[in-house]
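Participant: Sending over start-v3.txt (compact mmCIF, C-alpha atoms and all ligand atoms).
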# COMPACT_ATOMS: atom_id res chain seq x y z
CA MET A 1349 -104.60 -24.85 3.78
CA LYS A 1350 -101.36 -25.09 5.80
CA LYS A 1351 -100.82 -22.09 8.07
CA ILE A 1352 -97.20 -21.13 8.60
CA SER A 1353 -95.76 -18.61 11.07
CA ILE A 1354 -92.32 -17.27 10.25
CA ILE A 1355 -90.48 -15.68 13.18
CA GLY A 1356 -88.07 -13.03 11.93
CA ALA A 1357 -87.93 -10.98 8.73
CA GLY A 1358 -84.23 -11.45 7.94
CA ILE A 1359 -82.87 -12.92 4.72
CA SER A 1360 -83.95 -16.51 5.52
CA GLY A 1361 -87.52 -15.66 6.58
CA LEU A 1362 -88.08 -13.25 3.69
CA TYR A 1363 -86.71 -15.68 1.10
CA LEU A 1364 -88.99 -18.48 2.33
CA ALA A 1365 -91.94 -16.06 2.30
CA ASN A 1366 -91.22 -15.25 -1.36
CA LEU A 1367 -91.56 -18.95 -2.24
CA LEU A 1368 -94.72 -19.40 -0.15
CA GLU A 1369 -96.26 -16.27 -1.65
CA ARG A 1370 -96.27 -17.84 -5.13
CA ASP A 1371 -97.92 -21.03 -3.92
CA LYS A 1372 -101.61 -20.85 -3.10
CA SER A 1373 -101.53 -24.04 -0.99
CA PHE A 1374 -99.98 -22.13 1.95
CA SER A 1375 -100.95 -19.18 4.07
CA TYR A 1376 -98.25 -17.49 6.11
CA LYS A 1377 -97.41 -14.53 8.31
CA ILE A 1378 -94.04 -13.11 9.27
CA PHE A 1379 -93.58 -11.77 12.81
CA GLU A 1380 -90.72 -9.31 13.20
CA LYS A 1381 -89.60 -7.71 16.46
CA LYS A 1382 -88.28 -4.49 14.88
CA ASN A 1383 -90.57 -1.66 13.82
CA SER A 1384 -89.05 -1.44 10.34
CA ILE A 1385 -87.11 -3.74 8.04
CA LYS A 1386 -85.79 -1.46 5.35
CA ASN A 1387 -82.46 0.20 5.95
CA ASN A 1388 -80.18 2.19 3.75
CA ASP A 1389 -76.82 1.38 5.23
CA GLY A 1390 -74.15 0.68 2.68
CA TYR A 1391 -72.79 -2.57 4.09
CA GLY A 1392 -72.19 -5.37 1.65
CA ILE A 1393 -72.91 -9.03 1.30
CA GLN A 1394 -71.39 -11.80 -0.81
CA LEU A 1395 -73.65 -14.38 -2.42
CA SER A 1396 -72.60 -17.72 -3.88
CA ALA A 1397 -73.56 -18.80 -7.43
CA ASN A 1398 -75.99 -21.34 -5.91
CA SER A 1399 -77.87 -18.74 -3.92
CA ILE A 1400 -78.01 -16.45 -6.98
CA ASN A 1401 -79.58 -19.36 -8.87
CA LEU A 1402 -82.29 -19.52 -6.17
CA LEU A 1403 -82.70 -15.75 -6.11
CA ASN A 1404 -83.13 -15.71 -9.89
CA ASN A 1405 -86.32 -17.73 -9.34
CA ILE A 1406 -87.79 -14.77 -7.49
CA GLY A 1407 -86.61 -12.04 -9.84
CA PHE A 1408 -83.05 -11.22 -8.79
CA GLN A 1409 -82.35 -10.05 -12.36
CA LYS A 1410 -84.71 -7.14 -11.68
CA ILE A 1411 -82.05 -5.49 -9.52
CA ASN A 1412 -80.45 -2.66 -11.41
CA ALA A 1413 -77.20 -3.86 -13.07
CA SER A 1414 -75.32 -0.93 -11.53
CA ASP A 1415 -76.32 -2.10 -8.02
CA VAL A 1416 -74.53 -5.45 -8.18
CA TYR A 1417 -70.96 -6.56 -8.80
CA PHE A 1418 -69.56 -9.85 -10.11
CA PRO A 1419 -66.07 -10.29 -8.67
CA LYS A 1420 -63.85 -12.57 -10.73
CA LYS A 1421 -61.31 -13.53 -8.07
CA VAL A 1422 -60.57 -13.74 -4.38
CA ILE A 1423 -57.01 -12.52 -3.91
CA PHE A 1424 -55.10 -13.24 -0.70
CA TYR A 1425 -52.54 -10.65 0.43
CA THR A 1426 -50.16 -10.28 3.33
CA ALA A 1427 -51.64 -7.32 5.22
CA LYS A 1428 -48.24 -5.89 6.22
CA ASN A 1429 -47.02 -5.19 2.68
CA SER A 1430 -50.02 -5.99 0.42
CA LYS A 1431 -47.92 -8.71 -1.25
CA LYS A 1432 -50.07 -11.20 -3.12
CA ILE A 1433 -50.05 -14.73 -1.69
CA SER A 1434 -52.43 -16.52 -4.04
CA GLU A 1435 -55.80 -16.20 -5.76
CA ILE A 1436 -58.95 -18.21 -6.37
CA ASP A 1437 -60.67 -17.89 -9.70
CA LEU A 1438 -64.37 -17.51 -8.84
CA SER A 1439 -65.52 -17.79 -12.44
CA GLN A 1440 -64.88 -21.56 -12.34
CA PHE A 1441 -67.87 -21.87 -9.97
CA ASN A 1442 -70.16 -19.63 -12.06
CA GLN A 1443 -72.79 -20.64 -14.55
CA LEU A 1444 -74.23 -18.38 -17.25
CA ASN A 1445 -76.75 -16.43 -15.12
CA ASN A 1446 -75.61 -17.60 -11.73
CA ARG A 1447 -72.48 -15.75 -10.86
CA TYR A 1448 -70.78 -15.13 -7.54
CA THR A 1449 -72.21 -11.71 -6.65
CA THR A 1450 -71.63 -8.88 -4.20
CA LEU A 1451 -74.10 -6.11 -3.40
CA LYS A 1452 -75.47 -3.97 -0.60
CA ARG A 1453 -77.43 -6.01 1.92
CA SER A 1454 -80.16 -3.35 1.70
CA SER A 1455 -80.55 -3.98 -2.07
CA LEU A 1456 -81.15 -7.67 -1.37
CA VAL A 1457 -83.63 -6.99 1.44
CA ASN A 1458 -85.54 -4.51 -0.74
CA LEU A 1459 -85.84 -7.14 -3.47
CA LEU A 1460 -87.05 -9.74 -0.97
CA LEU A 1461 -89.69 -7.32 0.31
CA GLU A 1462 -91.05 -6.47 -3.14
CA ASN A 1463 -93.26 -9.54 -3.55
CA ILE A 1464 -94.54 -9.82 0.02
CA PRO A 1465 -97.83 -8.02 0.77
CA GLN A 1466 -97.30 -5.55 3.63
CA GLU A 1467 -100.12 -7.01 5.73
CA LYS A 1468 -98.29 -10.33 5.93
CA ILE A 1469 -95.38 -8.80 7.85
CA ILE A 1470 -96.41 -8.02 11.41
CA LEU A 1471 -93.88 -5.58 12.83
CA ASN A 1472 -93.24 -4.86 16.53
CA SER A 1473 -93.86 -8.53 17.30
CA GLU A 1474 -91.18 -9.89 19.58
CA LEU A 1475 -91.81 -13.55 20.26
CA GLN A 1476 -92.04 -14.32 23.99
CA ASN A 1477 -93.51 -17.79 24.22
CA ILE A 1478 -95.03 -20.68 22.28
CA LYS A 1479 -97.98 -22.83 23.36
CA TYR A 1480 -98.51 -26.17 21.72
CA GLN A 1481 -101.64 -28.26 21.64
CA ASP A 1482 -102.18 -29.85 18.23
CA LYS A 1483 -101.47 -26.39 16.83
CA PHE A 1484 -99.13 -23.56 17.82
CA THR A 1485 -100.19 -20.33 19.51
CA LEU A 1486 -97.52 -17.64 19.65
CA ASN A 1487 -97.23 -15.04 22.40
CA PHE A 1488 -95.73 -11.67 21.62
CA ARG A 1489 -94.96 -8.85 24.00
CA ASP A 1490 -98.53 -7.55 24.14
CA LYS A 1491 -100.57 -9.89 21.97
CA GLU A 1492 -101.41 -13.51 21.29
CA THR A 1493 -101.88 -14.75 17.76
CA GLU A 1494 -104.21 -17.09 16.01
CA GLN A 1495 -103.12 -20.70 15.69
CA PHE A 1496 -100.62 -22.05 13.19
CA ASP A 1497 -99.77 -25.51 11.86
CA TYR A 1498 -96.08 -24.76 11.43
CA ILE A 1499 -93.44 -22.58 13.06
CA VAL A 1500 -90.38 -21.48 11.13
CA ALA A 1501 -87.69 -20.00 13.35
CA ALA A 1502 -85.85 -17.45 11.20
CA ASP A 1503 -84.98 -15.18 14.12
CA GLY A 1504 -81.22 -15.17 13.76
CA VAL A 1505 -78.25 -16.19 15.87
CA PHE A 1506 -79.92 -15.38 19.24
CA SER A 1507 -83.13 -17.14 18.19
CA LYS A 1508 -85.76 -16.77 20.89
CA THR A 1509 -87.68 -19.64 19.30
CA LYS A 1510 -84.68 -21.86 19.85
CA GLN A 1511 -84.32 -20.68 23.44
CA ILE A 1512 -87.95 -21.60 24.11
CA LEU A 1513 -87.66 -24.98 22.41
CA PHE A 1514 -84.38 -25.99 24.01
CA HIS A 1515 -84.86 -24.21 27.36
CA LYS A 1516 -81.83 -21.96 26.79
CA LYS A 1517 -79.52 -24.93 26.21
CA GLY A 1518 -77.03 -24.55 23.36
CA LEU A 1519 -76.98 -20.73 23.28
CA PRO A 1520 -74.47 -19.31 20.79
CA LYS A 1521 -70.96 -18.71 22.08
CA TYR A 1522 -68.69 -15.71 21.75
CA PHE A 1523 -66.22 -16.54 18.98
CA ASN A 1524 -63.35 -14.67 20.67
CA SER A 1525 -63.50 -12.27 17.75
CA ILE A 1526 -64.83 -8.84 16.97
CA ALA A 1527 -66.10 -7.59 13.61
CA LEU A 1528 -65.72 -4.06 12.29
CA ARG A 1529 -67.75 -3.16 9.23
CA GLY A 1530 -67.43 -0.05 7.16
CA ASN A 1531 -67.51 1.54 3.73
CA ILE A 1532 -64.67 2.57 1.46
CA HIS A 1533 -64.86 4.68 -1.68
CA ASN A 1534 -62.64 4.18 -4.73
CA PHE A 1535 -60.46 1.28 -3.67
CA LYS A 1536 -57.74 0.19 -6.11
CA ASN A 1537 -58.67 -3.53 -6.43
CA LEU A 1538 -61.88 -4.63 -8.08
CA ASP A 1539 -61.77 -8.22 -6.84
CA ILE A 1540 -62.40 -9.57 -3.36
CA SER A 1541 -59.20 -8.62 -1.55
CA LEU A 1542 -58.48 -10.62 1.56
CA TYR A 1543 -55.66 -9.30 3.76
CA LEU A 1544 -54.14 -11.67 6.29
CA GLY A 1545 -52.39 -10.48 9.43
CA SER A 1546 -51.46 -11.79 12.81
CA ASN A 1547 -54.73 -12.46 14.69
CA PHE A 1548 -56.83 -10.57 12.16
CA HIS A 1549 -57.96 -10.54 8.57
CA PHE A 1550 -59.89 -7.96 6.63
CA VAL A 1551 -61.77 -8.11 3.36
CA ILE A 1552 -62.50 -5.33 0.89
CA TYR A 1553 -64.82 -5.86 -2.06
CA PRO A 1554 -66.93 -3.78 -4.47
CA ILE A 1555 -70.67 -3.78 -3.75
CA ASN A 1556 -71.84 -2.21 -7.01
CA GLN A 1557 -70.54 -0.52 -10.17
CA LYS A 1558 -70.30 2.86 -8.42
CA ASN A 1559 -66.89 2.47 -6.82
CA GLU A 1560 -68.39 1.70 -3.43
CA PHE A 1561 -66.65 -1.01 -1.38
CA ASN A 1562 -67.45 -3.00 1.73
CA PHE A 1563 -64.86 -3.33 4.46
CA ILE A 1564 -65.05 -6.10 7.03
CA LEU A 1565 -62.41 -6.79 9.65
CA ILE A 1566 -62.39 -9.87 11.86
CA LEU A 1567 -60.06 -9.49 14.81
CA ARG A 1568 -59.34 -12.04 17.52
CA LYS A 1569 -60.11 -10.56 20.91
CA GLU A 1570 -60.59 -12.24 24.25
CA LEU A 1571 -63.25 -10.44 26.27
CA ILE A 1572 -64.64 -11.12 29.71
CA GLU A 1573 -68.37 -11.77 30.15
CA ASN A 1574 -69.16 -8.24 31.32
CA GLU A 1575 -67.48 -6.74 28.28
CA ILE A 1576 -69.30 -9.04 25.86
CA ALA A 1577 -72.65 -8.09 27.38
CA ASN A 1578 -71.84 -4.36 27.40
CA LYS A 1579 -73.45 -2.92 24.25
CA ASN A 1580 -71.97 0.52 24.98
CA LEU A 1581 -68.47 -0.87 24.60
CA PHE A 1582 -69.09 -1.70 20.93
CA GLU A 1583 -70.40 1.80 20.27
CA ASP A 1584 -67.55 3.50 22.08
CA LYS A 1585 -65.56 5.59 19.58
CA SER A 1586 -62.23 5.21 21.37
CA PHE A 1587 -62.64 1.42 21.63
CA ILE A 1588 -63.39 1.22 17.89
CA ASN A 1589 -60.59 3.61 16.94
CA ASN A 1590 -58.06 1.66 19.01
CA LEU A 1591 -58.97 -1.55 17.20
CA LEU A 1592 -58.75 0.08 13.79
CA ASN A 1593 -55.50 1.88 14.59
CA HIS A 1594 -54.00 -1.38 15.81
CA VAL A 1595 -54.82 -3.17 12.54
CA SER A 1596 -53.95 -0.13 10.42
CA SER A 1597 -50.46 -0.07 11.98
CA LYS A 1598 -49.96 -3.67 10.86
CA SER A 1599 -51.01 -3.04 7.30
CA ASN A 1600 -49.79 -0.72 4.57
CA ILE A 1601 -53.31 0.53 3.85
CA ASN A 1602 -54.30 3.56 5.91
CA LEU A 1603 -57.54 2.07 7.20
CA THR A 1604 -58.08 4.80 9.78
CA GLU A 1605 -58.42 7.35 7.01
CA ARG A 1606 -60.11 5.23 4.38
CA VAL A 1607 -62.83 3.32 6.23
CA LYS A 1608 -66.03 5.28 6.95
CA ASP A 1609 -69.31 4.57 8.79
CA ILE A 1610 -67.74 1.96 11.06
CA LYS A 1611 -69.85 -0.37 13.15
CA CYS A 1612 -68.42 -2.80 15.65
CA PHE A 1613 -69.89 -5.95 17.16
CA PRO A 1614 -68.86 -9.16 18.89
CA ILE A 1615 -69.15 -12.33 16.82
CA PHE A 1616 -71.26 -15.18 18.12
CA VAL A 1617 -71.42 -18.63 16.54
CA SER A 1618 -73.60 -21.66 17.17
CA ASN A 1619 -72.37 -24.18 19.65
CA GLN A 1620 -74.02 -27.21 18.12
CA ILE A 1621 -76.67 -28.34 15.67
CA GLN A 1622 -80.01 -28.82 17.46
CA ILE A 1623 -83.14 -30.41 16.04
CA PRO A 1624 -86.51 -29.74 17.69
CA LYS A 1625 -88.38 -32.79 18.95
CA ILE A 1626 -91.79 -31.26 18.18
CA LYS A 1627 -93.06 -31.97 14.68
CA ASN A 1628 -93.66 -29.06 12.33
CA VAL A 1629 -91.07 -26.73 13.86
CA PHE A 1630 -88.24 -25.74 11.54
CA LEU A 1631 -85.09 -23.72 12.12
CA ILE A 1632 -83.55 -21.88 9.17
CA GLY A 1633 -80.70 -19.44 8.56
CA ASP A 1634 -78.66 -18.34 11.56
CA ALA A 1635 -81.32 -19.72 13.90
CA PHE A 1636 -80.43 -23.19 12.61
CA PHE A 1637 -76.69 -22.62 12.64
CA SER A 1638 -74.59 -19.49 12.72
CA PHE A 1639 -71.17 -19.89 11.08
CA SER A 1640 -67.99 -17.94 11.72
CA PRO A 1641 -67.98 -15.20 9.07
CA SER A 1642 -64.59 -16.22 7.61
CA PHE A 1643 -66.03 -17.21 4.28
CA ALA A 1644 -69.17 -15.07 4.16
CA GLN A 1645 -71.57 -17.98 3.78
CA GLY A 1646 -74.38 -17.13 6.22
CA ALA A 1647 -76.75 -15.36 3.85
CA SER A 1648 -76.21 -17.88 1.05
CA GLN A 1649 -76.94 -20.71 3.47
CA SER A 1650 -80.04 -18.85 4.71
CA ILE A 1651 -81.36 -18.73 1.15
CA GLU A 1652 -80.52 -22.38 0.47
CA ALA A 1653 -82.23 -23.41 3.74
CA GLY A 1654 -85.36 -21.43 2.80
CA ASN A 1655 -85.48 -23.25 -0.51
CA GLU A 1656 -84.94 -26.69 1.04
CA LEU A 1657 -87.65 -26.06 3.62
CA TYR A 1658 -90.10 -24.92 0.96
CA ASN A 1659 -89.50 -28.15 -1.01
CA HIS A 1660 -89.94 -30.15 2.17
CA LEU A 1661 -93.29 -28.46 2.97
CA LYS A 1662 -94.47 -28.68 -0.60
CA ASN A 1663 -93.64 -32.35 -1.15
CA ASN A 1664 -94.10 -33.55 2.43
CA SER A 1665 -90.64 -35.06 2.15
CA PRO A 1666 -88.81 -35.81 5.39
CA ASN A 1667 -85.43 -34.57 4.21
CA TYR A 1668 -85.13 -30.95 5.38
CA TYR A 1669 -82.98 -31.53 8.46
CA LYS A 1670 -80.99 -34.37 6.86
CA THR A 1671 -79.87 -32.17 3.95
CA ARG A 1672 -79.26 -29.12 6.16
CA ILE A 1673 -77.13 -31.00 8.68
CA LEU A 1674 -74.92 -32.40 5.93
CA LYS A 1675 -74.39 -29.03 4.25
CA THR A 1676 -73.86 -27.25 7.58
CA LYS A 1677 -71.16 -29.69 8.66
CA GLN A 1678 -69.31 -29.23 5.38
CA ILE A 1679 -69.39 -25.42 5.53
CA LYS A 1680 -68.54 -25.37 9.23
CA SER A 1681 -65.38 -27.42 8.86
CA ARG A 1682 -64.15 -25.30 5.91
CA SER A 1683 -64.95 -22.00 7.70
CA SER A 1684 -63.25 -23.05 10.94
CA LEU A 1685 -60.14 -24.11 9.06
CA ASN A 1686 -60.08 -20.76 7.25
CA HIS A 1687 -60.49 -18.79 10.43
CA PHE A 1688 -57.60 -20.65 12.04
CA ALA A 1689 -55.35 -20.35 8.97
CA PHE A 1690 -56.15 -16.68 8.27
CA HIS A 1691 -55.01 -15.49 11.70
CA LEU A 1692 -51.69 -17.28 12.15
CA SER A 1693 -48.90 -15.23 13.72
CA ASN A 1694 -45.84 -17.46 13.96
CA PRO A 1695 -43.65 -16.71 10.85
CA ILE A 1696 -42.91 -20.40 10.24
CA ASN A 1697 -46.60 -21.27 10.36
CA VAL A 1698 -47.34 -18.31 8.09
CA PHE A 1699 -44.72 -19.52 5.60
CA PHE A 1700 -46.30 -22.99 5.40
CA ARG A 1701 -49.82 -21.51 5.42
CA ASN A 1702 -48.96 -19.44 2.36
CA ILE A 1703 -47.61 -22.48 0.51
CA PHE A 1704 -50.72 -24.38 1.51
CA LEU A 1705 -52.95 -21.52 0.25
CA LYS A 1706 -51.17 -21.59 -3.12
CA TYR A 1707 -51.81 -25.32 -3.33
CA LEU A 1708 -55.42 -25.01 -2.14
CA SER A 1709 -56.25 -22.24 -4.59
CA LYS A 1710 -55.76 -24.80 -7.37
CA ASN A 1711 -57.98 -27.34 -5.60
CA LYS A 1712 -61.37 -26.73 -7.14
CA SER A 1713 -63.27 -29.23 -5.02
CA PHE A 1714 -62.10 -27.71 -1.72
CA PHE A 1715 -63.69 -24.36 -2.49
CA ARG A 1716 -66.69 -25.64 -4.43
CA LYS A 1717 -68.82 -25.94 -1.27
CA LEU A 1718 -67.92 -22.41 -0.22
CA PHE A 1719 -68.18 -20.46 -3.42
CA ARG A 1720 -70.74 -22.33 -5.47
C1 LIG B 1 -69.58 -9.57 10.24
C2 LIG B 1 -70.47 -10.42 9.42
C3 LIG B 1 -70.37 -10.35 8.04
C4 LIG B 1 -71.17 -11.18 7.25
N1 LIG B 1 -71.02 -11.12 5.89
C5 LIG B 1 -71.72 -11.99 5.14
C6 LIG B 1 -71.55 -12.04 3.72
O1 LIG B 1 -70.80 -11.28 3.12
N2 LIG B 1 -72.23 -12.99 3.01
C7 LIG B 1 -73.08 -13.86 3.64
O2 LIG B 1 -73.64 -14.75 2.95
N3 LIG B 1 -73.30 -13.80 4.97
C8 LIG B 1 -72.65 -12.90 5.72
N4 LIG B 1 -72.85 -12.87 7.06
C9 LIG B 1 -73.86 -13.75 7.66
C10 LIG B 1 -75.27 -13.27 7.35
O3 LIG B 1 -75.39 -11.89 7.61
C11 LIG B 1 -76.28 -14.04 8.20
O4 LIG B 1 -75.96 -15.40 8.15
C12 LIG B 1 -77.70 -13.85 7.66
O5 LIG B 1 -78.05 -12.50 7.69
C13 LIG B 1 -78.68 -14.66 8.50
O6 LIG B 1 -79.99 -14.38 8.08
P1 LIG B 1 -81.20 -14.80 9.02
O7 LIG B 1 -82.43 -14.44 8.26
O8 LIG B 1 -81.06 -16.21 9.45
O9 LIG B 1 -81.06 -13.94 10.33
P2 LIG B 1 -81.06 -12.35 10.54
O10 LIG B 1 -80.65 -11.65 9.30
O11 LIG B 1 -80.30 -12.11 11.79
O12 LIG B 1 -82.61 -12.01 10.78
C14 LIG B 1 -83.29 -12.37 11.96
C15 LIG B 1 -84.53 -11.49 12.10
O13 LIG B 1 -85.30 -11.96 13.21
C16 LIG B 1 -85.71 -10.85 14.00
N5 LIG B 1 -85.93 -11.36 15.39
C17 LIG B 1 -84.99 -11.71 16.30
N6 LIG B 1 -85.58 -12.14 17.44
C18 LIG B 1 -86.92 -12.06 17.24
C19 LIG B 1 -88.04 -12.35 18.05
N7 LIG B 1 -87.93 -12.82 19.33
N8 LIG B 1 -89.30 -12.16 17.56
C20 LIG B 1 -89.45 -11.70 16.28
N9 LIG B 1 -88.41 -11.39 15.48
C21 LIG B 1 -87.15 -11.57 15.94
C22 LIG B 1 -84.55 -9.87 13.89
O14 LIG B 1 -84.96 -8.55 14.20
C23 LIG B 1 -84.16 -10.04 12.42
O15 LIG B 1 -84.89 -9.18 11.56
C24 LIG B 1 -72.10 -12.05 7.86
C25 LIG B 1 -72.24 -12.08 9.26
C26 LIG B 1 -71.41 -11.29 10.03
C27 LIG B 1 -71.53 -11.37 11.54
Mind converting the file's structure to structure tokens?
Facilitator:
Amino acid sequence: MKKISIIGAGISGLYLANLLERDKSFSYKIFEKKNSIKNNDGYGIQLSANSINLLNNIGFQKINASDVYFPKKVIFYTAKNSKKISEIDLSQFNQLNNRYTTLKRSSLVNLLLENIPQEKIILNSELQNIKYQDKFTLNFRDKETEQFDYIVAADGVFSKTKQILFHKKGLPKYFNSIALRGNIHNFKNLDISLYLGSNFHFVIYPINQKNEFNFILILRKELIENEIANKNLFEDKSFINNLLNHVSSKSNINLTERVKDIKCFPIFVSNQIQIPKIKNVFLIGDAFFSFSPSFAQGASQSIEAGNELYNHLKNNSPNYYKTRILKTKQIKSRSSLNHFAFHLSNPINVFFRNIFLKYLSKNKSFFRKLFR
């Protein structure tokens, strides 16, 4: 029986574990550095129709209908006056049971945890080192594990597994942007509303049928190394309030009053795609490649990668990295273009950007890779 170690109990690791759990030809364990996985924060997540198709295979329909939302459109607005620029009809990418979906991240994680026996998730296990001699032995802070045939690095953007494998080369880079997440109650628009401003954009979308909305702001911000490394800065109330006030003053929505439970963090993205030289080591999710969050694709790609890796392990096919690299390159180029276009400040550029957005919104194939 093939023994698989999964490092990290995020969306990618948990989705893969769900597939392995149903297949008796594998044994697996998940090692997670935190002491708990469940959380009840209200932040949202957007999932493409493709990833919903894959989640349906593990019982996504079991989630209470009132805990999910199926937005019909993405509507672009000018932040300053909330004037509509253009819209994308999401339903064109949907199939009967596989619809573009928004929900609380915690609802998704709870679903992913349902089918995994508790004893297979080893908490408080922060990977420190890997020894390799025919098989893999993993070292955690205060323990060494049994041996495994495979390692799956699902430990997120700052993947320790990747740092060990590539000797700290290719660490993620600061994306010169900060994210602010929060919750809004009773917003007026029931679609995905994307507000574009100079050097920022923010997105508001429903996360269930209970009038709860997710707020996410991406703001360009140059920071020096010391600031990026200073965790206290991103928890500092006056730093956060200044950022929100700045954006609020450039929009006709009173964000300062409306957005609650705000969390702030610097955005890091992958520098390059890296493939381990050692056989039987696989990177999935953000550990493989972390995208800029401009088109909310990370979780969907994590699920797709989990599925591709499972098929690879099951069928002994050599295609995992080939498929992943192709898909990653496609998403990366679209996301980078979006990020650039969303944050334009020069009025002439904005004018042409808006015309371009109107044209693009009719171009089904451009958005297919992002929304399907
Ligand atoms: C602001 C923002 C908004 C986003 N919004 C969306 C969205 O709407 N839709 C979407 O699809 N995606 C979104 N994403 C991206 C998405 O959240 C990520 O791509 C996705 O969560 C990646 O999942 P993962 O399992 O690869 O990594 P993670 O979810 O980061 O999980 C990694 C796990 O590994 C654990 N770990 C780390 N190091 C170790 C170690 N040394 N040993 C053991 N365990 C370890 C961590 O504790 C964690 O539990 C967003 C990202 C950002 C930054």
Participant: List all protein, DNA and RNA residues that have at least one atom no more than 8 Å from any atom of ligand LIG 1 (chain B), counting all atoms listed in the file, and write them as a PyMOL selection string.
Facilitator: chain A and resi 1355-1362+1379-1382+1385+1392-1396+1450+1472-1476+1488+1502-1509+1527-1529+1564-1566+1613+1615-1616+1632-1636+1638-1641+1643-1650
Participant: Write the selection just made, keeping C-alpha atoms, as a CSV table (one decimal), in the frame of the given file?
Facilitator:
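The file below, part36.csv, is the result:
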chain,number,residue,atom,x,y,z
A,1355,ILE,CA,-90.5,-15.7,13.2
A,1356,GLY,CA,-88.1,-13.0,11.9
A,1357,ALA,CA,-87.9,-11.0,8.7
A,1358,GLY,CA,-84.2,-11.4,7.9
A,1359,ILE,CA,-82.9,-12.9,4.7
A,1360,SER,CA,-84.0,-16.5,5.5
A,1361,GLY,CA,-87.5,-15.7,6.6
A,1362,LEU,CA,-88.1,-13.2,3.7
A,1379,PHE,CA,-93.6,-11.8,12.8
A,1380,GLU,CA,-90.7,-9.3,13.2
A,1381,LYS,CA,-89.6,-7.7,16.5
A,1382,LYS,CA,-88.3,-4.5,14.9
A,1385,ILE,CA,-87.1,-3.7,8.0
A,1392,GLY,CA,-72.2,-5.4,1.6
A,1393,ILE,CA,-72.9,-9.0,1.3
A,1394,GLN,CA,-71.4,-11.8,-0.8
A,1395,LEU,CA,-73.6,-14.4,-2.4
A,1396,SER,CA,-72.6,-17.7,-3.9
A,1450,THR,CA,-71.6,-8.9,-4.2
A,1472,ASN,CA,-93.2,-4.9,16.5
A,1473,SER,CA,-93.9,-8.5,17.3
A,1474,GLU,CA,-91.2,-9.9,19.6
A,1475,LEU,CA,-91.8,-13.6,20.3
A,1476,GLN,CA,-92.0,-14.3,24.0
A,1488,PHE,CA,-95.7,-11.7,21.6
A,1502,ALA,CA,-85.8,-17.4,11.2
A,1503,ASP,CA,-85.0,-15.2,14.1
A,1504,GLY,CA,-81.2,-15.2,13.8
A,1505,VAL,CA,-78.2,-16.2,15.9
A,1506,PHE,CA,-79.9,-15.4,19.2
A,1507,SER,CA,-83.1,-17.1,18.2
A,1508,LYS,CA,-85.8,-16.8,20.9
A,1509,THR,CA,-87.7,-19.6,19.3
A,1527,ALA,CA,-66.1,-7.6,13.6
A,1528,LEU,CA,-65.7,-4.1,12.3
A,1529,ARG,CA,-67.8,-3.2,9.2
A,1564,ILE,CA,-65.0,-6.1,7.0
A,1565,LEU,CA,-62.4,-6.8,9.6
A,1566,ILE,CA,-62.4,-9.9,11.9
A,1613,PHE,CA,-69.9,-6.0,17.2
A,1615,ILE,CA,-69.2,-12.3,16.8
A,1616,PHE,CA,-71.3,-15.2,18.1
A,1632,ILE,CA,-83.6,-21.9,9.2
A,1633,GLY,CA,-80.7,-19.4,8.6
A,1634,ASP,CA,-78.7,-18.3,11.6
A,1635,ALA,CA,-81.3,-19.7,13.9
A,1636,PHE,CA,-80.4,-23.2,12.6
A,1638,SER,CA,-74.6,-19.5,12.7
A,1639,PHE,CA,-71.2,-19.9,11.1
A,1640,SER,CA,-68.0,-17.9,11.7
A,1641,PRO,CA,-68.0,-15.2,9.1
A,1643,PHE,CA,-66.0,-17.2,4.3
A,1644,ALA,CA,-69.2,-15.1,4.2
A,1645,GLN,CA,-71.6,-18.0,3.8
A,1646,GLY,CA,-74.4,-17.1,6.2
A,1647,ALA,CA,-76.8,-15.4,3.8
A,1648,SER,CA,-76.2,-17.9,1.0
A,1649,GLN,CA,-76.9,-20.7,3.5
A,1650,SER,CA,-80.0,-18.8,4.7
Participant: If you count all atoms listed in the file, which residues fall within 9 Å of Lys1421 (chain A), apart from same-chain ones fewer than 4 positions away, as a list in words?
Facilitator: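 These residues fall inside the cut-off: Glu1435, Ile1436, Asp1437, Leu1438, Ser1439, Leu1538, Asp1539, Ile1540 and Ser1541 of chain A.
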Participant: Which residues, protein or nucleic acid, reach to within 9 Å of (-68.1, -1.9, -12.7) in the file's coordinates when using all atoms listed in the file, and can you give that as a VMD selection string?
Facilitator: chain A and resid 1414 1416 to 1418 1538 1554 1556 to 1559
Participant: Restricted to C-alpha atoms, what would the selected residues look like written as a short mmCIF file (atom, residue, chain, number, x, y, z; two decimals), keeping the file's coordinate frame?
Facilitator:
data_model
loop_
_atom_site.label_atom_id
_atom_site.label_comp_id
_atom_site.auth_asym_id
_atom_site.auth_seq_id
_atom_site.Cartn_x
_atom_site.Cartn_y
_atom_site.Cartn_z
CA SER A 1414 -75.32 -0.93 -11.53
CA VAL A 1416 -74.53 -5.45 -8.18
CA TYR A 1417 -70.96 -6.56 -8.80
CA PHE A 1418 -69.56 -9.85 -10.11
CA LEU A 1538 -61.88 -4.63 -8.08
CA PRO A 1554 -66.93 -3.78 -4.47
CA ASN A 1556 -71.84 -2.21 -7.01
CA GLN A 1557 -70.54 -0.52 -10.17
CA LYS A 1558 -70.30 2.86 -8.42
CA ASN A 1559 -66.89 2.47 -6.82
#
Participant: Would you compute the distance between CA of Ile1621 (chain A) and CA of Ser1684 (chain A)? Give it in Å to one decimal.
Facilitator: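 Atom-to-atom, CA of Ile1621 (chain A) to CA of Ser1684 (chain A), that is 15.2 Å.
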